[in-house]
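J.: Got a structure for you, written out below as structure tokens; questions coming shortly.
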Amino acid sequence: MKTANNSQNIPFNEAQQAWLGGFFAGMHSHILQSAGSGDAANARAITILYGSQTGNSESVAHDAAQVAKAHGLNPSILGMDEIEADSFTKLEYLLIITSTYGEGEMPDNAQLLWDTISSDDSIELANMKYSVLALGDTSYDLYCQAGIEWDQRLEKLGAKRLYERVDCDVDFDDAAESWISNIIPLMADGATAITIDSTSTSSAAKYGRKNPFPGKLVANRLLSSPDSSKEICHYEISIAGSELSYEAGDALNVVPVNCPELVTDIIQAIGCRGDEDEPVSGVLMPLTQALAEHFEIKLPSKDLLDEIARRSGGQELNNSLSSGDKDKLSSYLWGRDTLDLLLQFPEMQFSAAEFLALLKPLQHRAYSISSSGKAHPETVHLTISSVRYNSHNREHKGVCSTYLADLADDKTAVRCFFSPNKVFRVPEDNDLPMIMVGPGTGIAPFRAFLQEREFRNAKGINWLFFGDRNATTDFIYQDEIEAMQKSKVLSKLDLAFSRDQEEKIYVQDRMREKGEELFSLLEQGGYFFVCGDALRMAKDVDKALHDVIAKHGKLSEEQATEYVNQMKKDKRYVRDVY
Ligand SMILES: Cc1cc2nc3c(=O)[nH]c(=O)nc-3n(C[C@H](O)[C@H](O)[C@H](O)COP(=O)(O)OP(=O)(O)OC[C@H]3O[C@@H](n4cnc5c(N)ncnc54)[C@H](O)[C@@H]3O)c2cc1C
Ligand SMILES: NC(=O)c1ccc[n+]([C@@H]2O[C@H](COP(=O)([O-])OP(=O)(O)OC[C@H]3O[C@@H](n4cnc5c(N)ncnc54)[C@H](OP(=O)(O)O)[C@@H]3O)[C@@H](O)[C@H]2O)c1
Ligand SMILES: Cc1cc2nc3c(=O)[nH]c(=O)nc-3n(C[C@H](O)[C@H](O)[C@H](O)COP(=O)(O)O)c2cc1C
């Protein structure tokens with residue numbers, strides 16, 4: 001946890017800490033009696049705003065609200081896209097919980113509010129008291145940038161920071177818990193007294209991020225052809241008996257286990273045996289198990305890089321690190337994993353404890369669900385591109401995609417939990433057109449959307465833009481897609497196979513070709529969905545959307561941007577990009 005200043009820390013008494021411990025451990029807690037300032041009508045209103053792409057910030061917002069209620073406060077939880085700028089400027093007690101996405105960018109649901117608040121210097125927030133919790137990942141250059149920007153902006157506009165911003169790395173639970181337990185009493189002017197009943201637990205509350213459900217892998221089949229230059233697989237994970245449910249548009253997070261060969265090779269490279277017992281979250285376990293189940297051992301952490309650079313004096317690494325030039329460091333690291341670095345400096349020996357202290361916790365990976373929860377209530381379908389590449393004379397494998405492809409079988413309990421995505425949803429109105437742009441694995445949620453439309457017998461137009469490298473090897477779900485065309489569930493299909501001809505053709509080229517029709521469906525209230533690669537595809541598709549709207553709506557660039565922004569506000573332009 002990083003706080004710039006902890007001096008405002010109001011300590012909790014033992015009973016409170018015990019309760020908070022239980023509360024944050026994920027108990028389903030019901031607050032019987034709110035405390036502090038008395039009845040709800042008189043309780044101080046606080047607003048908890050979250051900016052979230054995959055649900056972490058939202059779930060922390062709910063934790064904060066529970067603690068706020070227990071302190072006699074009256075919290076409202078809102079996504080940043082659920083409040084107008086005018087109302088925002090009138091807030092008096094505000095908690096902001098936001099992640100960072102892309103390359104130091106706001107999560108999608110925070111962008112419009114941020115654009116307004118950051119561009120209007122006439123806003124005065126003298127009546128606002130606030131604190132920011134920033135969620136991020138230290139492996140990104142612009143760590144917690146969105147939270148940092150909100151924090152600085154609110155201060156600049158005159159708001160009073162009640163508690164210093166806390167920046168959280170991927171293992172954000174403890175830092176978030178500490179922030180909540182410090183800021184809430186400040187918002188409640190020190191009110192305490194918590195009475196809760198933590199006895200009732202339901203299965204749905206039992207399983208989640210802190211306690212993943214052990215799902216059974218009931219299907220694993222190759223979707224791409226064996227001759228393809230890539231490997232895309234279809235998985236089905238059973239959630240029978242979990243009492244969990246999901247909706248088309250949600251993501252499933254999978255908690256992987258590291259490849260045993262990689263674990264063995266790393267242990268050998270650092271000069272350990274593997275049977276050294278080390279404590280991990282208070283439990284003693286052999287190094288082999290710790291590395292397999294608890295630590296990220298593929299992508300090197302910043303701490304490990306620094307330590308290897310310091311010990312080895314390796315010039316290229318040191319230069320890349322000290323230059324501050326992120327492109328230089330990225331190009332040095334491209335294709336190099338932890339084992340490559342250890343092998344490059346064979347003198348690098350660590351004790352088990354030293355080595356573990358330099359690693360980051362192993363993270364779950366998110367996958368857009370490719371089935372409709374209504375059509376398949378007991379299984380979750382995933383569509384995953386296996387990360388495999390050769391570099392530095394070794395075969396490299398993505399941790400989670402190849403855990404599912406190579407390691408997990410129907411005897412493995414695949415630990416998983418859902419991340420709901422409330423805005424990435426099939427429109428409630430069954431007659432409205434849906435335009436779906438999903439090349440590569442971006443097709444996943446649209447398979448789910450089409451199943452959902454079929455289940456609802458919805459009559460609205462469904463238009464899919466799909467593509468990948470080559471038609472003969474990478475047209476995944478071709479049979480299903482053609483069957484859905486036949487049954488008229490899929491009204492329109494435009495394909496872009498990038499490598500079937502000399503010039504690359506991408507989905508955005510097809511969008512431009514069909515611009516007139518596309519614009520006409522948008523004018524009819526159509527929804528525009530994008531899923532897949534964030535760094536290149538989603539940006540180019542966004543540009544194409546602006547161009548299509550400007551050209552066929554006969555609008556200026558600014559007017560087209562306004563049009564797109566209105567679509568975003570109406571949740572008719574939503575993205576699930578990674
Ligand atoms: C909301 C969301 C939804 C997602 N949905 C899907 C989905 O439906 N399907 C899907 O397949 N993925 C999806 N992803 C991506 C997924 O979460 C993982 O990031 C992906 O499977 C890779 O994870 P991994 O553990 O296999 O690889 P990791 O162990 O995380 O390794 C990936 C890293 O390997 C390196 N790398 C990869 N390729 C190369 C190369 N050719 N040369 C050199 N280095 C390379 C890069 O550093 C890359 O970051 C989604 C992500 C998010 C956030
Ligand atoms: N960081 C990277 O460099 C990189 C590279 C590939 C994949 N990925 C990641 O790998 C995961 C799975 O990838 P995937 O299998 O879903 O698909 P993908 O590898 O992203 O490719 C799917 C299709 O999109 C095309 N494409 C490439 N650039 C594009 C652009 N600017 N606009 C539109 N289409 C473009 C590809 O063409 P061509 O490949 O022929 O150009 C291919 O036909 C995603 O997480 C993705 O972000 C990352
Ligand atoms: C595609 C992608 C890009 C990200 N970019 C950043 C980043 O630039 N800086 C950062 O600190 N964290 C970054 N993160 C990490 C997220 O902020 C972090 O996982 C956070 O817990 C997500 O919270 P959310 O579920 O509320 O969105 C990124 C994560 C993903 C998947």
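Naming works like this for the structure tokens: A, B, ... for the chains as they're shown, residue 1 at the start of each chain, ligands 1 onward in shown order.
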Please build the interface table for chain A against ligand 2 with a cut-off of 6 Å, listing for each qualifying residue the nearest atom pair and the distance in Å to one decimal; count only C-alpha atoms and all ligand atoms, order rows by chain and increasing number, and write it as CSV.

T.:
```
residue,atom,partner,partner_atom_place_in_ligand_line,distance
A:Ser385,CA,ligand 2,15 (O),5.0
A:Pro439,CA,ligand 2,22 (C),5.0
A:Gly440,CA,ligand 2,16 (O),3.6
A:Thr441,CA,ligand 2,16 (O),3.6
A:Gly442,CA,ligand 2,16 (O),5.5
A:Gly467,CA,ligand 2,43 (O),5.5
A:Asp468,CA,ligand 2,43 (O),3.2
A:Arg469,CA,ligand 2,43 (O),3.9
A:Phe497,CA,ligand 2,43 (O),5.6
A:Ser498,CA,ligand 2,43 (O),4.6
A:Arg499,CA,ligand 2,40 (O),5.2
A:Tyr506,CA,ligand 2,34 (N),4.7
A:Val507,CA,ligand 2,33 (C),5.7
A:Gly532,CA,ligand 2,16 (O),5.6
A:Asp533,CA,ligand 2,47 (O),3.7
A:Ala534,CA,ligand 2,47 (O),5.9
A:Arg536,CA,ligand 2,31 (N),4.1
A:Met537,CA,ligand 2,32 (N),3.4
A:Asp540,CA,ligand 2,32 (N),5.6
A:Tyr578,CA,ligand 2,45 (O),5.5
```

J.: Give as an MDAnalysis selection string the residues surrounding ligand 3 up to a distance of 9 Å, considering only C-alpha atoms and all ligand atoms.

T.: chainID A and resid 50:60 97:107 134:147 167:172 365:366 419 533:535 577:578

J.: Can you pull out every residue with an atom within 7 Å of ligand 1? Use only C-alpha atoms and all ligand atoms and format it as a VMD selection string.

T.: chain A and resid 54 251 298 to 299 334 to 335 365 to 369 382 to 389 397 to 402 441 to 442 444 576 to 578

J.: Out of stretch 123-330 of chain A, which residues get strand (DSSP E or B) from DSSP, as a ChimeraX atom specification?

T.: /A:129-135,160-161,166-168,195-197,208,211,213-222,232-238,251-255,277-280,283-286,295

J.: As an NGL selection string, list the residues of stretch 276-357 of chain A assigned to helix (DSSP H, G or I) by DSSP on the backbone atoms of this structure.

T.: :A and (287-293 or 302-312 or 315-322 or 326-333 or 338-344 or 352-357)

J.: Quick one: residues within 9 Å of A:Ala85, only C-alpha atoms counted, chain neighbours fewer than 5 positions away excluded, as a compact mmCIF listing (two decimals) with C-alpha atoms, in the first residue's frame?

T.:
```
# COMPACT_ATOMS: atom_id res chain seq x y z
CA LYS A 90 -22.82 19.71 -5.97
CA LEU A 113 -17.35 12.67 -16.66
CA TRP A 114 -13.59 13.07 -16.61
CA THR A 116 -16.07 17.45 -18.52
CA ILE A 117 -14.54 17.90 -15.08
```

J.: Identify, on the basis of only C-alpha atoms, every residue whose closest approach to A:Trp179 does not exceed 10 Å; exclude the query and any residue fewer than 2 positions from it along the same chain; express the result as an NGL selection string.

T.: :A and (1 or 3 or 6 or 9 or 64 or 131-133 or 163-168 or 173-177 or 181-184)

J.: Can you spit out the residues from that selection as a tab-separated table (two decimals), in the first residue's frame, using C-alpha atoms?

T.:
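The file below, result33.tsv, is the result:
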```tsv
chain	number	residue	atom	x	y	z
A	1	MET	CA	0.00	0.00	0.00
A	3	THR	CA	-0.25	6.46	1.13
A	6	ASN	CA	-1.20	8.38	7.08
A	9	ASN	CA	-5.47	7.54	10.54
A	64	ALA	CA	-17.17	0.86	1.35
A	131	SER	CA	-10.79	10.89	-0.93
A	132	VAL	CA	-9.60	8.71	-3.80
A	133	LEU	CA	-8.80	5.03	-3.92
A	163	TYR	CA	-7.75	11.39	3.54
A	164	GLU	CA	-4.73	10.83	1.31
A	165	ARG	CA	-5.17	8.84	-1.85
A	166	VAL	CA	-4.24	5.18	-1.63
A	167	ASP	CA	-2.80	3.51	-4.72
A	168	CYS	CA	-3.39	-0.24	-4.88
A	173	ASP	CA	-7.76	-6.08	-0.79
A	174	ASP	CA	-5.65	-5.06	2.19
A	175	ALA	CA	-4.93	-1.57	0.87
A	176	ALA	CA	-8.60	-1.02	0.02
A	177	GLU	CA	-9.70	-2.32	3.40
A	181	SER	CA	-11.48	1.81	7.54
A	182	ASN	CA	-9.69	5.15	7.66
A	183	ILE	CA	-11.84	7.34	5.44
A	184	ILE	CA	-15.31	6.25	6.57
```

J.: Can you tell me how far atom CA of A:Pro346 sits from atom CA of A:Gly324, in Å to one decimal?

T.: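 So the two atoms, atom CA of A:Pro346 and atom CA of A:Gly324, lie 26.0 Å apart.
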
J.: Kindly indicate which residue among A:Phe446, A:Tyr130, A:Tyr403, A:Phe295 lies nearest to A:Arg415, using only C-alpha atoms for the distances.

T.: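 Result for the nearest residue to A:Arg415: A:Tyr403.
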
J.: Rounded to one decimal, what separation in Å do you get between atom CA of A:Tyr573 and atom CA of A:Val530?

T.: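 Interatomic distance, atom CA of A:Tyr573 to atom CA of A:Val530: 8.1 Å.
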
J.: Which is closest to A:Asp115 among A:Asp81, A:Glu516, A:Glu276, A:Glu92, if we use only C-alpha atoms?

T.: A:Asp81

J.: Would you list the contacts of A:Ile46 as a PyMOL selection string, taking every protein, DNA or RNA residue within 12 Å and counting only C-alpha atoms, but skipping same-chain residues closer than 5 positions in sequence?

T.: chain A and resi 61+64-65+67-69+71-78+88+90-96+128-131+183-184+186-188
